[in-house]
Structure formats: structure tokens, C-alpha cells
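Asker: What follows is a single structure, and I will ask about it in a moment.
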Amino acid sequence: MNLTSIPALQDNYIWILSDENRQCLIVDPGEAAPVLKKITEQQWRPQAILLTHHHHDHVGGVKELVNAFPGIVVYGPQETREKGANRIVSGGDRVTILGRDFQVFSTPGHTSGHISWFTPAWLFCGDTLFSGGCGRLFEGTATQMYHSLQLLNQLPAETLICCAHEYTSGNMAFALSLFPENSDLNAYYLKIKALRAKNMPTVPSTLATERKINIFLKTNDADFFSKITIETKLQQPDALFGWLRANKDRF
């Protein structure tokens with residue numbers, strides 16, 4: 001299987017997995033035009049669309065793609081039914097697509113019904129986990145998002161984090177505002193800035209990398225957050241996560 005990222009809209013990525021038979025699946029098509037262009041160039045035959053949640057920048061291209069490829073299966077959570085999903089899935093479901101087993105994780109927080117898709121070694125996590133960060137809490141709670149990230153953090157270290165936005169630079173700037181002397185954060189930020197200077201994507205990253213540099217995955221690490229927990233008196237990891245997310249919103 002081959003992974004392709006397609007830049008879309010302002011800072012989105014649409015993901016495509018393709019096989020040796022030129023069959024493919026499309027993840028979170030926020031718009032159709034760049035997807036149709038790539039499909040034509042590669043002579044792919046789309047078999048399915050996977051959706052993570054209902055926001056327009058993830059589903060805006062579904063209708064046009066369904067019109068272009070009648071009969072294509074659109075998998076998504078209940079909240080995407082009115083956005084074009086014709087096969088509703090939920091956490092714990094398994095679906096076979098292009099001969100591969102896909103596991104569905106319930107990952108609420110960004111939206112109440114957000115899901116993530118996993119097939120070794122790719123995680124399509126929409127707006128739940130970003131490189132260096134996590135999604136805003138539009139419908140869910142900090143506790144929900146904390147548990148969603150803890151769930152995803154149980155996947156194998158080599159898992160590729162295929163998130164839906166190019167947010168890494170801002171996420172790392174925020175992390176360094178709290179931990180300016182951390183060597184792992186500084187080294188990664190330099191790497192990210194070099195990639196973006198060449199207009200290159202910073203994702204996918206690996207879960208192993210995120211465990212080192214994503215402070216939203218570290219709220220169980222009492223030593224890492226010792227200074228902040230002393231100042232805020234927040235000892236519970238989910239409460240600390242909520243404090244962190246609120247501060248990122250204001251950053």
C-alpha cells in the first residue's frame with residue numbers, strides 16, 4: 001500500500017491509500033478538485049471514502065466524489081450521515097477495505113462523535129491528534145479528549161500519525177513557550193521550521209516521535225510537568241490536560 005497526502009483548502013491534508021491494482025481509498029476529502037486531479041493523474045479506482053467527523057473541511061468534497069464514482073462506499077460516524085456517509089460505523093467496529101483490516105476508535109473531544117481509523121501502520125485521526133498538539137474542543141470535553149489521546153497512545157510506536165492539518169509549527173511554538181529549554185522540543189522545532197521553509201509537509205510523524213515532543217501526550221508524566229503542577233496545583237492528568245488545551249487556545 002502507498003500513502004499519498006494531498007494539500008487542500010488553507011492547511012488541510014486529504015489522505016489516499018492506494019494498492020498495486022490502482023484501487024484506492026480517500027480519507028476526509030474537504031474538497032473534491034485536488035482529489036479528482038490526483039486520481040486522474042494516477043489512474044486510481046476509488047473504492048471507499050473514510051470520514052472522521054462532520055466538519056466541512058473534512059467532508060466538503062464528498063458529494064462531488066460520490067457523483068464522480070457512483071456506488072462508492074462512504075464510511076463515517078453517525079454525525080456524518082447527513083454529510084454523505086452511507087455506511088455508519090462506531091468505536092470498536094472493524095471494516096475490511098482494499099483487503100486490509102481497519103479498526104475504528106471512538107475519539108470524542110473535537111466533536112462529540114469523532115472517530116479515528118487504524119490499519120497497521122497508519123492512523124487517520126482527523127482533528128484528534130496532531131504533530132505536537134491536539135484538536136480544539138468544539139463539542140467534547142477536556143476529559144474526553146484526554147482519554148481519546150490516551151487510547152491512541154496505546155498503538156505501536158511505529159504508527160504513522162496521518163492527521164488532517166499542517167499545525168506543527170504553531171504547536172511546537174506553544175510547547176516551547178512552556179518548556180523553552182527542552183532539548184527534544186527545540187530539536188524538533190528546528191527540523192519543522194526547515195521543512196516549512198521548503199514548503200514541505202511535517203506529517204505524517206510517528207507515534208514514537210509524538211511521545212517525545214507532544215506535550216499533550218505527556219500529562220501523565222509528573223516529572224515533565226512538575227513545575228506547572230506546582231504552580232497550578234493541578235495533579236490529575238485530565239485536569240492538567242484541560243489547563244494545557246485552554247492555554248493553547250489563548251496562545
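Starting from 1 in every chain, residues are counted up; chains themselves are A, B, ... following the order of the C-alpha cells, and ligands are numbered from 1 as listed.
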Report as JSON lines the residues of region 17-39 of chain A within 12 Å of region 148-164 of chain A, each with its shortest atom pair and distance in Å (one decimal), using only C-alpha atoms, ordered by chain and increasing residue number.

Answerer:
```
{"residue": "A:Leu17", "atom": "CA", "partner": "A:Cys162", "partner_atom": "CA", "distance": 11.2}
{"residue": "A:Val27", "atom": "CA", "partner": "A:Ala164", "partner_atom": "CA", "distance": 9.1}
{"residue": "A:Asp28", "atom": "CA", "partner": "A:Ala164", "partner_atom": "CA", "distance": 7.8}
{"residue": "A:Pro29", "atom": "CA", "partner": "A:Ala164", "partner_atom": "CA", "distance": 9.9}
{"residue": "A:Gly30", "atom": "CA", "partner": "A:Ala164", "partner_atom": "CA", "distance": 9.7}
```

Asker: Tell me which protein, DNA and RNA residues are within 12 Å of Asn21 (chain A), counting only C-alpha atoms, leaving out same-chain ones fewer than 2 positions away, and put them as a compact mmCIF listing (two decimals) with all heavy atoms, in the first residue's frame.

Answerer:
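Done, and the output landed in part-v1.txt:
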```txt
# COMPACT_ATOMS: atom_id res chain seq x y z
N MET A 1 0.84 -1.20 0.00
CA MET A 1 0.00 0.00 0.00
C MET A 1 0.87 1.24 0.00
O MET A 1 1.94 1.27 0.64
CB MET A 1 -0.91 0.02 1.23
CG MET A 1 -1.86 -1.15 1.32
SD MET A 1 -3.22 -1.04 0.14
CE MET A 1 -4.23 0.23 0.88
N ASN A 2 0.45 2.25 -0.70
CA ASN A 2 1.17 3.52 -0.77
C ASN A 2 0.31 4.64 -0.19
O ASN A 2 -0.90 4.70 -0.44
CB ASN A 2 1.53 3.85 -2.22
CG ASN A 2 2.49 2.85 -2.82
OD1 ASN A 2 3.54 2.59 -2.24
ND2 ASN A 2 2.13 2.29 -3.95
N LEU A 17 -4.82 6.11 0.38
CA LEU A 17 -4.09 4.84 0.37
C LEU A 17 -4.42 4.13 -0.93
O LEU A 17 -5.60 3.98 -1.27
CB LEU A 17 -4.48 3.96 1.55
CG LEU A 17 -3.78 4.16 2.89
CD1 LEU A 17 -4.35 3.19 3.92
CD2 LEU A 17 -2.27 3.96 2.75
N SER A 18 -3.39 3.70 -1.64
CA SER A 18 -3.59 3.02 -2.92
C SER A 18 -2.83 1.70 -2.92
O SER A 18 -1.81 1.55 -2.23
CB SER A 18 -3.13 3.90 -4.08
OG SER A 18 -1.77 4.27 -3.93
N ASP A 19 -3.31 0.74 -3.71
CA ASP A 19 -2.63 -0.56 -3.80
C ASP A 19 -2.05 -0.79 -5.18
O ASP A 19 -2.15 0.07 -6.08
CB ASP A 19 -3.57 -1.69 -3.38
CG ASP A 19 -4.77 -1.87 -4.31
OD1 ASP A 19 -4.74 -1.34 -5.45
OD2 ASP A 19 -5.74 -2.54 -3.91
N GLN A 23 -6.34 0.50 -7.00
CA GLN A 23 -7.51 0.80 -6.19
C GLN A 23 -7.08 1.74 -5.06
O GLN A 23 -5.93 1.70 -4.62
CB GLN A 23 -8.12 -0.47 -5.60
CG GLN A 23 -8.63 -1.44 -6.64
CD GLN A 23 -9.29 -2.63 -5.99
OE1 GLN A 23 -10.50 -2.82 -6.06
NE2 GLN A 23 -8.48 -3.45 -5.32
N CYS A 24 -8.00 2.56 -4.59
CA CYS A 24 -7.62 3.48 -3.53
C CYS A 24 -8.80 3.79 -2.62
O CYS A 24 -9.96 3.54 -2.95
CB CYS A 24 -7.04 4.77 -4.10
SG CYS A 24 -8.26 5.89 -4.83
N GLN A 42 -3.01 9.51 -11.55
CA GLN A 42 -2.52 8.20 -11.14
C GLN A 42 -3.36 7.04 -11.69
O GLN A 42 -2.99 5.88 -11.51
CB GLN A 42 -2.48 8.11 -9.62
CG GLN A 42 -1.58 9.14 -8.96
CD GLN A 42 -0.12 8.94 -9.32
OE1 GLN A 42 0.36 7.82 -9.48
NE2 GLN A 42 0.60 10.05 -9.47
N GLN A 43 -4.47 7.37 -12.33
CA GLN A 43 -5.39 6.37 -12.86
C GLN A 43 -5.88 5.42 -11.76
O GLN A 43 -5.97 4.21 -11.93
CB GLN A 43 -4.75 5.58 -14.00
CG GLN A 43 -4.37 6.46 -15.20
CD GLN A 43 -3.76 5.67 -16.33
OE1 GLN A 43 -3.01 4.71 -16.14
NE2 GLN A 43 -4.09 6.05 -17.56
N TRP A 44 -6.18 6.01 -10.61
CA TRP A 44 -6.69 5.23 -9.49
C TRP A 44 -8.17 4.93 -9.68
O TRP A 44 -8.89 5.64 -10.36
CB TRP A 44 -6.51 5.99 -8.19
CG TRP A 44 -5.10 6.01 -7.67
CD1 TRP A 44 -4.15 5.05 -7.82
CD2 TRP A 44 -4.49 7.05 -6.90
NE1 TRP A 44 -2.99 5.41 -7.19
CE2 TRP A 44 -3.17 6.63 -6.61
CE3 TRP A 44 -4.93 8.27 -6.41
CZ2 TRP A 44 -2.29 7.41 -5.87
CZ3 TRP A 44 -4.05 9.05 -5.67
CH2 TRP A 44 -2.75 8.62 -5.40
N ARG A 45 -8.61 3.88 -8.99
CA ARG A 45 -10.03 3.50 -8.96
C ARG A 45 -10.51 3.54 -7.51
O ARG A 45 -10.30 2.60 -6.75
CB ARG A 45 -10.21 2.09 -9.56
CG ARG A 45 -9.90 2.03 -11.05
CD ARG A 45 -10.11 0.65 -11.64
NE ARG A 45 -9.10 -0.30 -11.15
CZ ARG A 45 -9.36 -1.39 -10.45
NH1 ARG A 45 -10.61 -1.68 -10.12
NH2 ARG A 45 -8.40 -2.20 -10.06
N PRO A 46 -11.16 4.63 -7.11
CA PRO A 46 -11.59 4.78 -5.71
C PRO A 46 -12.62 3.73 -5.31
O PRO A 46 -13.59 3.48 -6.05
CB PRO A 46 -12.17 6.18 -5.66
CG PRO A 46 -11.58 6.89 -6.84
CD PRO A 46 -11.44 5.84 -7.89
N GLN A 47 -12.41 3.13 -4.15
CA GLN A 47 -13.32 2.11 -3.64
C GLN A 47 -14.09 2.57 -2.40
O GLN A 47 -15.17 2.06 -2.13
CB GLN A 47 -12.52 0.85 -3.27
CG GLN A 47 -11.70 0.28 -4.41
CD GLN A 47 -12.56 -0.15 -5.59
OE1 GLN A 47 -13.47 -0.97 -5.43
NE2 GLN A 47 -12.29 0.40 -6.76
N LEU A 98 -9.98 -2.70 0.70
CA LEU A 98 -8.79 -3.00 -0.11
C LEU A 98 -8.01 -4.17 0.49
O LEU A 98 -6.78 -4.22 0.44
CB LEU A 98 -7.87 -1.77 -0.21
CG LEU A 98 -8.47 -0.48 -0.80
CD1 LEU A 98 -7.39 0.58 -0.95
CD2 LEU A 98 -9.15 -0.75 -2.12
N GLY A 99 -8.73 -5.11 1.06
CA GLY A 99 -8.10 -6.29 1.62
C GLY A 99 -7.42 -6.08 2.96
O GLY A 99 -6.77 -6.99 3.47
```

Asker: Please determine, counting only C-alpha atoms, which residue among A:Gly132, A:Pro201, A:Gly140, A:Gly84 has the shortest atom-to-atom distance to Glu166 (chain A).

Answerer: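 Between A:Gly132, A:Pro201, A:Gly140, A:Gly84, the residue approaching Glu166 (chain A) most closely is A:Pro201.
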
Asker: Give me, as a Markdown table, each residue of region 168-250 of chain A that comes within 10 Å of region 105-124 of chain A, together with its shortest interatomic pair and the distance in Å at one decimal, counting only C-alpha atoms, with rows ordered by chain and rising residue number.

Answerer:
```
| residue | atom | partner | partner_atom | distance |
| --- | --- | --- | --- | --- |
| A:Pro204 | CA | A:Trp122 | CA | 9.1 |
| A:Thr206 | CA | A:Trp122 | CA | 9.2 |
| A:Leu207 | CA | A:Leu123 | CA | 9.4 |
```

Asker: Among region 201-245 of chain A, which residues carry a DSSP assignment of alpha helix (DSSP H), reported as a list in words?

Answerer: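 Written out, the alpha helix (DSSP H) residues of region 201-245 of chain A are Leu207, Ala208, Thr209, Glu210, Arg211, Lys212, Ile213, Ser226, Lys227, Ile228, Thr229, Ile230, Glu231, Thr232, Pro237, Asp238, Ala239, Leu240, Phe241, Gly242, Trp243, Leu244 and Arg245 of chain A.
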
Asker: Write out as a list in words each polymer residue whose atoms come within 12 Å of region 223-236 of chain A, counting only C-alpha atoms; drop sequence neighbours fewer than 3 positions from it.

Answerer: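 Counting only C-alpha atoms, the residues come to Thr143, Tyr146, Ala175, Leu178, Phe179, Asn182, Lys212, Ile213, Asn214, Ile215, Phe216, Leu217, Lys218, Thr219, Asn220, Ala239, Leu240, Phe241, Gly242, Trp243 and Leu244 of chain A.
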
Asker: Could you dump the residues just selected with N, CA, C and O atoms as a PDB file, in the first residue's frame?

Answerer:
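Full text of result-v5.pdb as output:
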```pdb
ATOM      1  N   THR A 143     -11.737  16.140  29.353  1.00  0.00           N
ATOM      2  CA  THR A 143     -11.594  14.766  29.835  1.00  0.00           C
ATOM      3  C   THR A 143     -11.788  13.770  28.699  1.00  0.00           C
ATOM      4  O   THR A 143     -11.048  12.784  28.584  1.00  0.00           O
ATOM      5  N   TYR A 146      -8.646  13.950  26.512  1.00  0.00           N
ATOM      6  CA  TYR A 146      -7.542  13.307  27.232  1.00  0.00           C
ATOM      7  C   TYR A 146      -7.620  11.792  27.055  1.00  0.00           C
ATOM      8  O   TYR A 146      -6.621  11.140  26.725  1.00  0.00           O
ATOM      9  N   ALA A 175       4.498  24.731  22.739  1.00  0.00           N
ATOM     10  CA  ALA A 175       5.215  23.849  23.664  1.00  0.00           C
ATOM     11  C   ALA A 175       6.472  24.515  24.199  1.00  0.00           C
ATOM     12  O   ALA A 175       6.777  24.449  25.401  1.00  0.00           O
ATOM     13  N   LEU A 178       6.268  27.038  27.042  1.00  0.00           N
ATOM     14  CA  LEU A 178       6.173  26.471  28.381  1.00  0.00           C
ATOM     15  C   LEU A 178       7.459  25.782  28.816  1.00  0.00           C
ATOM     16  O   LEU A 178       7.795  25.770  30.002  1.00  0.00           O
ATOM     17  N   PHE A 179       8.159  25.195  27.839  1.00  0.00           N
ATOM     18  CA  PHE A 179       9.363  24.425  28.139  1.00  0.00           C
ATOM     19  C   PHE A 179      10.503  24.870  27.216  1.00  0.00           C
ATOM     20  O   PHE A 179      10.960  24.112  26.355  1.00  0.00           O
ATOM     21  N   ASN A 182      13.801  22.641  26.782  1.00  0.00           N
ATOM     22  CA  ASN A 182      13.725  21.212  26.485  1.00  0.00           C
ATOM     23  C   ASN A 182      14.428  20.894  25.166  1.00  0.00           C
ATOM     24  O   ASN A 182      14.079  21.447  24.112  1.00  0.00           O
ATOM     25  N   LYS A 212       7.741  11.797  22.319  1.00  0.00           N
ATOM     26  CA  LYS A 212       8.872  12.613  22.772  1.00  0.00           C
ATOM     27  C   LYS A 212       8.550  14.098  22.784  1.00  0.00           C
ATOM     28  O   LYS A 212       9.003  14.832  23.671  1.00  0.00           O
ATOM     29  N   ILE A 213       7.763  14.566  21.791  1.00  0.00           N
ATOM     30  CA  ILE A 213       7.648  16.012  21.582  1.00  0.00           C
ATOM     31  C   ILE A 213       6.242  16.576  21.748  1.00  0.00           C
ATOM     32  O   ILE A 213       6.061  17.781  21.732  1.00  0.00           O
ATOM     33  N   ASN A 214       5.245  15.727  21.913  1.00  0.00           N
ATOM     34  CA  ASN A 214       3.868  16.218  22.007  1.00  0.00           C
ATOM     35  C   ASN A 214       3.481  16.325  23.480  1.00  0.00           C
ATOM     36  O   ASN A 214       3.220  15.326  24.149  1.00  0.00           O
ATOM     37  N   ILE A 215       3.437  17.549  23.988  1.00  0.00           N
ATOM     38  CA  ILE A 215       3.200  17.735  25.415  1.00  0.00           C
ATOM     39  C   ILE A 215       1.789  17.312  25.822  1.00  0.00           C
ATOM     40  O   ILE A 215       1.535  17.029  26.989  1.00  0.00           O
ATOM     41  N   PHE A 216       0.862  17.229  24.860  1.00  0.00           N
ATOM     42  CA  PHE A 216      -0.496  16.788  25.178  1.00  0.00           C
ATOM     43  C   PHE A 216      -0.561  15.289  25.444  1.00  0.00           C
ATOM     44  O   PHE A 216      -1.553  14.791  25.980  1.00  0.00           O
ATOM     45  N   LEU A 217       0.464  14.559  25.048  1.00  0.00           N
ATOM     46  CA  LEU A 217       0.550  13.135  25.364  1.00  0.00           C
ATOM     47  C   LEU A 217       1.303  12.875  26.660  1.00  0.00           C
ATOM     48  O   LEU A 217       1.427  11.729  27.083  1.00  0.00           O
ATOM     49  N   LYS A 218       1.823  13.924  27.281  1.00  0.00           N
ATOM     50  CA  LYS A 218       2.708  13.774  28.424  1.00  0.00           C
ATOM     51  C   LYS A 218       2.072  14.129  29.766  1.00  0.00           C
ATOM     52  O   LYS A 218       2.772  14.196  30.777  1.00  0.00           O
ATOM     53  N   THR A 219       0.771  14.356  29.800  1.00  0.00           N
ATOM     54  CA  THR A 219       0.181  14.860  31.039  1.00  0.00           C
ATOM     55  C   THR A 219       0.171  13.821  32.156  1.00  0.00           C
ATOM     56  O   THR A 219      -0.158  14.160  33.293  1.00  0.00           O
ATOM     57  N   ASN A 220       0.522  12.575  31.852  1.00  0.00           N
ATOM     58  CA  ASN A 220       0.709  11.569  32.902  1.00  0.00           C
ATOM     59  C   ASN A 220       2.121  11.598  33.472  1.00  0.00           C
ATOM     60  O   ASN A 220       2.411  10.877  34.430  1.00  0.00           O
ATOM     61  N   ALA A 239      -7.211  17.011  34.276  1.00  0.00           N
ATOM     62  CA  ALA A 239      -7.332  18.427  34.636  1.00  0.00           C
ATOM     63  C   ALA A 239      -6.148  19.219  34.088  1.00  0.00           C
ATOM     64  O   ALA A 239      -6.312  20.345  33.584  1.00  0.00           O
ATOM     65  N   LEU A 240      -4.963  18.640  34.169  1.00  0.00           N
ATOM     66  CA  LEU A 240      -3.779  19.276  33.607  1.00  0.00           C
ATOM     67  C   LEU A 240      -3.915  19.419  32.097  1.00  0.00           C
ATOM     68  O   LEU A 240      -3.576  20.450  31.522  1.00  0.00           O
ATOM     69  N   PHE A 241      -4.466  18.382  31.467  1.00  0.00           N
ATOM     70  CA  PHE A 241      -4.715  18.439  30.024  1.00  0.00           C
ATOM     71  C   PHE A 241      -5.661  19.593  29.695  1.00  0.00           C
ATOM     72  O   PHE A 241      -5.434  20.343  28.733  1.00  0.00           O
ATOM     73  N   GLY A 242      -6.731  19.746  30.469  1.00  0.00           N
ATOM     74  CA  GLY A 242      -7.673  20.833  30.228  1.00  0.00           C
ATOM     75  C   GLY A 242      -7.015  22.191  30.358  1.00  0.00           C
ATOM     76  O   GLY A 242      -7.287  23.105  29.564  1.00  0.00           O
ATOM     77  N   TRP A 243      -6.159  22.344  31.344  1.00  0.00           N
ATOM     78  CA  TRP A 243      -5.417  23.602  31.524  1.00  0.00           C
ATOM     79  C   TRP A 243      -4.534  23.865  30.310  1.00  0.00           C
ATOM     80  O   TRP A 243      -4.469  24.997  29.799  1.00  0.00           O
ATOM     81  N   LEU A 244      -3.888  22.815  29.830  1.00  0.00           N
ATOM     82  CA  LEU A 244      -2.980  22.935  28.690  1.00  0.00           C
ATOM     83  C   LEU A 244      -3.742  23.335  27.427  1.00  0.00           C
ATOM     84  O   LEU A 244      -3.326  24.241  26.694  1.00  0.00           O
TER      85      LEU A 244
END
```

Asker: Between A:Leu65, A:His165, A:Asp249, A:Leu190, which one has atoms that come closest to Ile6 (chain A), using only C-alpha atoms?

Answerer: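 Residue with the minimum atom-to-atom distance to Ile6 (chain A): A:His165.
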
Asker: Just give me the gap between CA of Lys191 (chain A) and CA of Tyr13 (chain A) in Å, one decimal is fine.

Answerer: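 One can read the CA of Lys191 (chain A) to CA of Tyr13 (chain A) distance as 19.7 Å.
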
Asker: At what distance in Å, to one decimal, does CA of Leu129 (chain A) lie from CA of Glu181 (chain A)?

Answerer: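 Pair CA of Glu181 (chain A) / CA of Leu129 (chain A) returns 24.0 Å.
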
Asker: Just the number, please: distance in Å from CA of Asn86 (chain A) to CA of Ile72 (chain A), one decimal.

Answerer: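 These atoms are spaced 9.2 Å apart.
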